[in-house]
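Reading through the C-alpha cells given below for one structure.
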Amino acid sequence: MAFNRRAFLNTILGGGVIGWLGSIFYPVISFLIPPKIPEANVQSVNAGSIADIALNSSQILKFGRTPVLLIRSKTGEFKALAATCTHLDCTVQYRQDRQDIWCACHNGIYNLSGRNLSGPPPKPLSEYLVNIIDKEVIISKPKQMG
Amino acid sequence: MFKKSAEKSYNWLDDRFKITPLVEFMRHKQVPIHKHSLWYYMGGVALFLFLVQIVSGILLLLYYQPGVDSAYESIRFITTKVSFGWLFRSVHSWSANIMVFFVFVHMFSTFFTRTYSKPRELTWLTGSVLLVLSLVFGFSGYLLPWNELAFFATKVGTDIAGAIPLIGDPIKLLLRGGEGVTGATLSRFYAFHIALIPAVFTLFLFLHLLFVQRQGMHEPEFFHKLPENKKRMMPFFPNFVLRDALLWLLVLNIIIYLAVFFPWEIGVKADAFAPAPDGIKPEWFFMFMFQALKLLPAHMFIMEGEVFGILFFTLAGLVWFTVPFWDVFIKESMRPKIMKLFGISVIAFILILTIWGYLV
C-alpha cells in the first residue's frame, strides 16, 4: 500500500484526536482518584485502667482511623481484635450473652480469638497485642501489621 | 379573544418550527384496548414519580448540607423547623421507593407481554439502563441523611463493588473517595445523586420515550392477529393522556397519604466507631441480593462466597437485560411458554429471598 498524502493526513488527524482525548480524560481521571491523606502512624492506644473495665464487656477504640474491639472476658482476660468484619467491612460487636463476636450485617460469627466460626466471613479478625502496664490496658499493633 | 391569541401563537410557532406534523402525529397516535391495556400505564406512573423526585429533590436541596457534621443535622432541621419540610422529605423518600416499585412492575409487564422483542430491543435496553440508574439513585440517596443504617449499607455496597475481580479496588476507591466510608464518600454520593445520575438518567429517559413515540404502542400477539375492524383503539390524545393524568393524581394522593401518616424515619446519626446495629437491612429492593449474600458460605469453589454472589448477580443481570437478543434462538412455538416460566422463576426467586430476608 502506497503511503500517500491522504493516508498521512488521516494518521496525523487520528493521532491528534487520540492525543486530544487523552489530554481531556487524563486530568479528569486523575482528579477522580483521591489524594492519599497521610495517617498518623498510631502504634499503641491506652484503653484506660483495668478497674474501669467490667468483666464480660467490650468497647470499640479508635486506633488511628481503624476501629479496634477490646473485650474483657468473664474470666478477666483481655483480647483486642480488628473490629472490621472480614466479609463486607461492617463493624462487629461483642455479644455478652453468647460470649462471641457478631457482625449484624450478614450474621457472621467469630469466637473470642477472632476465628470465623459461621456465616459468610472468609477470614479471622486480625489480633492486636494487649499489655497491662501500671494497671493500664495498652493496645498495640503486632509487628507484622507495621 | 383567548382562542384568537392561542391561534396566533400557534401560527407564529408553526411558521418557524413547522409543528403541524407533530400535532398530527399526536392526533393519530392510537392506544390498543384489550385485557392487558392496564400495563400501558405503568411506565407513565414511573415517569410521573421521577418528576415528583425532581421537584421534591430540588426543594430539599435548598436546605440540605452535605458533610459529616451537617448532613444529618440539616435533615433534622428540614423535618422539624422548615415549613412543610417533613412533608417534602417524606414525599421524596416514599416516592423514590414507589418509583422503583413501578419501574419493576413496568419491566416485568414488558417482559411477560414480550414487548421487548423486535423492533423494540433498544427500548428494552434503555429501560434496563433506567432501572439500574433508579437503583443507583436509591443507593446514593440512601447515604445522604448520614444515619447509621445508611452508613453500613454504603460500607457493604461499596465493599461489594470492591470484590469484583481486577477492577474492584479502583472502583471502590472512586466511589468512596478514600479508603473508608467518610465525609469524602458523602460528598461524592451527593454529587452522583444530584448531578451525575440525573443527567445520565434524563438522557436515557429521552431516548426511551423517543423510541416509544416513534414505534407506537405494542400490540400483543392475540390483538395483532385480529382483523383491523375488530381492533378497539383509543386516541392517545386526549383519551389516554387524561386517563394517565387521573392515575398520576391517584398515585400522588397515595404518596401524600403515606408521607403524612407514615413519615420516613431519620434514624440514628452515623458513628464510624459504633458496631453495626442489630436488625440492619438494606432498602427493600436490594433485600434479595442481601439475603443471597447472607446465605452463601465463606468459600465456594475456588473463590470467596461474596465474589461468587457478585459474579452470579452480574451474569444474571446480563442475561436478563439482553433477553431480546437471545430469546429469538428458542423455537418460536416454545418461546412464550419458556419465557413465561423464566420470568416466573425470576420473580419467585426475588420474592422468596426478599420475604426470607424480612423474616429472619
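For the C-alpha cells, the naming scheme is as follows: chains receive sequential letters (A, B, ...) according to their order of presentation, residues are indexed from 1 within each chain, and ligands are indexed from 1 in presentation order.
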
### Task
Find the spatial neighbours of Pro34 in chain A, counting only C-alpha atoms, within a cut-off of 8 Å - ignore same-chain residues fewer than 3 positions away - and output them as an MDAnalysis selection string.
(chainID A and resid 31) or (chainID B and resid 173:174 177:178)

Restricting the output to C-alpha atoms, write the selected residues as a tab-separated table (two decimals), in the first residue's frame.
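The resulting again01.tsv:
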chain	number	residue	atom	x	y	z
A	31	PHE	CA	-8.90	14.20	39.51
B	173	LEU	CA	-11.72	3.94	45.74
B	174	LEU	CA	-13.54	6.07	43.18
B	177	GLY	CA	-13.19	8.88	47.68
B	178	GLY	CA	-10.73	7.21	50.03

### Task
Write out as a ChimeraX atom specification all residues of range 182-328 of chain B that backbone DSSP assigns to strand (DSSP E).
/B:233-235,299-300,303-304

Can you write out the residues you just picked, keeping C-alpha atoms, as a tab-separated table (two decimals), in the first residue's frame?
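Saved result, result12.tsv, follows:
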chain	number	residue	atom	x	y	z
B	233	MET	CA	-58.37	1.61	19.85
B	234	MET	CA	-58.42	4.85	21.79
B	235	PRO	CA	-56.72	8.06	20.73
B	299	HIS	CA	-15.84	-20.12	50.28
B	300	MET	CA	-17.36	-21.51	47.09
B	303	MET	CA	-13.40	-18.11	45.29
B	304	GLU	CA	-14.85	-16.34	48.29

Contact check, range 289-358 of chain B to range 95-107 of chain A, at most 9 Å, counting only C-alpha atoms, closest pairs as a Markdown table:
| residue | atom | partner | partner_atom | distance |
| --- | --- | --- | --- | --- |
| B:Phe290 | CA | A:His106 | CA | 8.0 |
| B:Gln291 | CA | A:His106 | CA | 8.1 |
| B:Leu293 | CA | A:His106 | CA | 7.6 |
| B:Lys294 | CA | A:His106 | CA | 5.0 |
| B:Leu295 | CA | A:His106 | CA | 8.5 |

I need the chosen residues saved as a PDB file, in the first residue's frame, with N, CA and C atoms.
ATOM      1  N   PHE B 290     -29.058  -9.055  49.234  1.00  0.00           N
ATOM      2  CA  PHE B 290     -28.533  -9.053  50.596  1.00  0.00           C
ATOM      3  C   PHE B 290     -28.711 -10.430  51.228  1.00  0.00           C
ATOM      4  N   GLN B 291     -29.949 -10.977  51.100  1.00  0.00           N
ATOM      5  CA  GLN B 291     -30.250 -12.270  51.696  1.00  0.00           C
ATOM      6  C   GLN B 291     -29.416 -13.370  51.030  1.00  0.00           C
ATOM      7  N   LEU B 293     -26.478 -13.053  49.687  1.00  0.00           N
ATOM      8  CA  LEU B 293     -25.097 -12.942  50.173  1.00  0.00           C
ATOM      9  C   LEU B 293     -24.955 -13.511  51.579  1.00  0.00           C
ATOM     10  N   LYS B 294     -26.034 -13.353  52.360  1.00  0.00           N
ATOM     11  CA  LYS B 294     -26.018 -13.844  53.729  1.00  0.00           C
ATOM     12  C   LYS B 294     -25.976 -15.375  53.748  1.00  0.00           C
ATOM     13  N   LEU B 295     -26.645 -15.978  52.749  1.00  0.00           N
ATOM     14  CA  LEU B 295     -26.761 -17.436  52.741  1.00  0.00           C
ATOM     15  C   LEU B 295     -25.533 -18.131  52.172  1.00  0.00           C
TER      16      LEU B 295
END

### Message
Give me the residues near range 27-33 of chain B as a PyMOL selection string, where near means some atom within 8 Å (using only C-alpha atoms) and where sequence neighbours in that chain fewer than 3 positions away do not count.
### Response
chain B and resi 23-24+36-37+216-217+219+231-237+240

Let me see the file: selected residues, N, CA and C atoms, as a PDB file, in the first residue's frame.
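Dumped everything to part33.pdb:
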ATOM      1  N   VAL B  23     -48.182  17.716  15.683  1.00  0.00           N
ATOM      2  CA  VAL B  23     -49.534  17.710  16.249  1.00  0.00           C
ATOM      3  C   VAL B  23     -50.362  16.629  15.567  1.00  0.00           C
ATOM      4  N   GLU B  24     -50.197  16.497  14.262  1.00  0.00           N
ATOM      5  CA  GLU B  24     -50.914  15.453  13.504  1.00  0.00           C
ATOM      6  C   GLU B  24     -50.519  14.069  14.000  1.00  0.00           C
ATOM      7  N   HIS B  36     -54.986  -6.552  28.493  1.00  0.00           N
ATOM      8  CA  HIS B  36     -53.721  -6.195  29.150  1.00  0.00           C
ATOM      9  C   HIS B  36     -53.409  -4.700  29.050  1.00  0.00           C
ATOM     10  N   SER B  37     -54.401  -3.897  28.670  1.00  0.00           N
ATOM     11  CA  SER B  37     -54.143  -2.458  28.464  1.00  0.00           C
ATOM     12  C   SER B  37     -53.628  -1.767  29.720  1.00  0.00           C
ATOM     13  N   GLY B 216     -44.700   3.601  18.505  1.00  0.00           N
ATOM     14  CA  GLY B 216     -46.094   3.446  18.914  1.00  0.00           C
ATOM     15  C   GLY B 216     -46.260   2.325  19.929  1.00  0.00           C
ATOM     16  N   MET B 217     -47.520   2.134  20.354  1.00  0.00           N
ATOM     17  CA  MET B 217     -47.779   1.146  21.392  1.00  0.00           C
ATOM     18  C   MET B 217     -47.664  -0.263  20.827  1.00  0.00           C
ATOM     19  N   GLU B 219     -48.613  -4.052  20.273  1.00  0.00           N
ATOM     20  CA  GLU B 219     -49.856  -4.830  20.257  1.00  0.00           C
ATOM     21  C   GLU B 219     -49.517  -6.276  20.615  1.00  0.00           C
ATOM     22  N   LYS B 231     -60.227  -4.493  15.913  1.00  0.00           N
ATOM     23  CA  LYS B 231     -59.286  -3.917  16.894  1.00  0.00           C
ATOM     24  C   LYS B 231     -59.898  -2.666  17.516  1.00  0.00           C
ATOM     25  N   ARG B 232     -60.018  -2.684  18.838  1.00  0.00           N
ATOM     26  CA  ARG B 232     -60.529  -1.475  19.506  1.00  0.00           C
ATOM     27  C   ARG B 232     -59.349  -0.602  19.890  1.00  0.00           C
ATOM     28  N   MET B 233     -59.478   0.670  19.582  1.00  0.00           N
ATOM     29  CA  MET B 233     -58.370   1.605  19.850  1.00  0.00           C
ATOM     30  C   MET B 233     -58.915   2.843  20.553  1.00  0.00           C
ATOM     31  N   MET B 234     -58.032   3.537  21.286  1.00  0.00           N
ATOM     32  CA  MET B 234     -58.424   4.854  21.791  1.00  0.00           C
ATOM     33  C   MET B 234     -57.338   5.841  21.398  1.00  0.00           C
ATOM     34  N   PRO B 235     -57.739   7.079  21.101  1.00  0.00           N
ATOM     35  CA  PRO B 235     -56.721   8.063  20.729  1.00  0.00           C
ATOM     36  C   PRO B 235     -55.798   8.346  21.916  1.00  0.00           C
ATOM     37  N   PHE B 236     -54.500   8.491  21.612  1.00  0.00           N
ATOM     38  CA  PHE B 236     -53.547   8.787  22.677  1.00  0.00           C
ATOM     39  C   PHE B 236     -53.893  10.117  23.333  1.00  0.00           C
ATOM     40  N   PHE B 237     -54.245  11.079  22.443  1.00  0.00           N
ATOM     41  CA  PHE B 237     -54.615  12.391  22.949  1.00  0.00           C
ATOM     42  C   PHE B 237     -56.013  12.733  22.504  1.00  0.00           C
ATOM     43  N   PHE B 240     -56.158   8.791  26.247  1.00  0.00           N
ATOM     44  CA  PHE B 240     -55.179   8.059  27.050  1.00  0.00           C
ATOM     45  C   PHE B 240     -54.477   8.989  28.032  1.00  0.00           C
TER      46      PHE B 240
END

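Near chain B, within 7 Å and using only C-alpha atoms, the residues of chain A are Leu32, Ile33, Pro34, Ile60, Pro67, Leu88, Asp89, Cys90, Thr91, Val92, Gln93, Cys103, Ala104, Cys105, His106, Gly119, Pro120, Pro121 and Pro122 of chain A.
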
Take the residues from that selection and put them in a file with N, CA and C atoms, as a tab-separated table (two decimals), in the first residue's frame.
chain	number	residue	atom	x	y	z
A	32	LEU	N	-10.36	12.24	39.71
A	32	LEU	CA	-11.30	11.36	40.41
A	32	LEU	C	-10.61	10.51	41.49
A	33	ILE	N	-9.31	10.25	41.30
A	33	ILE	CA	-8.59	9.44	42.28
A	33	ILE	C	-8.20	10.32	43.46
A	34	PRO	N	-8.75	10.03	44.64
A	34	PRO	CA	-8.48	10.92	45.77
A	34	PRO	C	-7.02	10.87	46.20
A	60	ILE	N	-15.27	-0.24	71.70
A	60	ILE	CA	-14.58	-0.05	70.43
A	60	ILE	C	-13.68	1.17	70.56
A	67	PRO	N	-11.25	0.99	63.68
A	67	PRO	CA	-11.87	0.60	64.95
A	67	PRO	C	-11.27	-0.72	65.45
A	88	LEU	N	-17.77	-7.96	54.65
A	88	LEU	CA	-18.04	-6.77	53.85
A	88	LEU	C	-17.88	-5.48	54.67
A	89	ASP	N	-16.88	-5.44	55.54
A	89	ASP	CA	-16.47	-4.15	56.09
A	89	ASP	C	-17.34	-3.57	57.19
A	90	CYS	N	-18.37	-4.29	57.68
A	90	CYS	CA	-19.16	-3.73	58.77
A	90	CYS	C	-18.37	-3.80	60.07
A	91	THR	N	-18.84	-3.09	61.10
A	91	THR	CA	-18.16	-3.13	62.38
A	91	THR	C	-18.83	-4.18	63.27
A	92	VAL	N	-18.01	-5.07	63.81
A	92	VAL	CA	-18.55	-6.19	64.60
A	92	VAL	C	-18.82	-5.76	66.04
A	93	GLN	N	-19.49	-6.61	66.82
A	93	GLN	CA	-19.74	-6.32	68.23
A	93	GLN	C	-19.62	-7.58	69.07
A	103	CYS	N	-21.30	-10.04	63.68
A	103	CYS	CA	-21.49	-8.94	62.75
A	103	CYS	C	-22.96	-8.93	62.35
A	104	ALA	N	-23.62	-7.80	62.63
A	104	ALA	CA	-25.07	-7.71	62.40
A	104	ALA	C	-25.42	-7.66	60.92
A	105	CYS	N	-24.47	-7.27	60.08
A	105	CYS	CA	-24.82	-7.07	58.67
A	105	CYS	C	-25.22	-8.38	57.98
A	106	HIS	N	-24.39	-9.40	58.11
A	106	HIS	CA	-24.71	-10.65	57.42
A	106	HIS	C	-24.60	-11.86	58.32
A	119	GLY	N	-21.28	-18.31	59.19
A	119	GLY	CA	-21.71	-17.17	58.37
A	119	GLY	C	-20.69	-16.90	57.30
A	120	PRO	N	-20.86	-15.79	56.59
A	120	PRO	CA	-20.03	-15.56	55.41
A	120	PRO	C	-18.58	-15.09	55.62
A	121	PRO	N	-18.12	-14.65	56.80
A	121	PRO	CA	-16.74	-14.14	56.84
A	121	PRO	C	-15.71	-15.16	56.37
A	122	PRO	N	-14.84	-14.78	55.45
A	122	PRO	CA	-13.88	-15.72	54.90
A	122	PRO	C	-12.59	-15.85	55.72

### Message
Neighbouring residues of Ala82 in chain A were defined as those with any atom within 7 Å, considering only C-alpha atoms; residues of the same chain fewer than 5 positions away were excluded. Please report them as an MDAnalysis selection string.
### Response
chainID A and resid 67:69 125:127

Let's have the selection written as a compact mmCIF listing (two decimals), in the first residue's frame, with N, CA and C atoms.
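Final output, selection_0.txt:
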# COMPACT_ATOMS: atom_id res chain seq x y z
N PRO A 67 -11.25 0.99 63.68
CA PRO A 67 -11.87 0.60 64.95
C PRO A 67 -11.27 -0.72 65.45
N VAL A 68 -10.99 -0.75 66.75
CA VAL A 68 -10.46 -1.98 67.36
C VAL A 68 -11.39 -2.37 68.52
N LEU A 69 -11.73 -3.66 68.57
CA LEU A 69 -12.65 -4.15 69.59
C LEU A 69 -11.84 -4.70 70.75
N LEU A 125 -10.51 -12.33 62.29
CA LEU A 125 -10.20 -10.93 62.59
C LEU A 125 -8.75 -10.86 63.03
N SER A 126 -8.02 -9.84 62.59
CA SER A 126 -6.61 -9.79 62.99
C SER A 126 -6.50 -9.31 64.44
N GLU A 127 -5.45 -9.81 65.08
CA GLU A 127 -5.34 -9.60 66.52
C GLU A 127 -4.39 -8.45 66.85
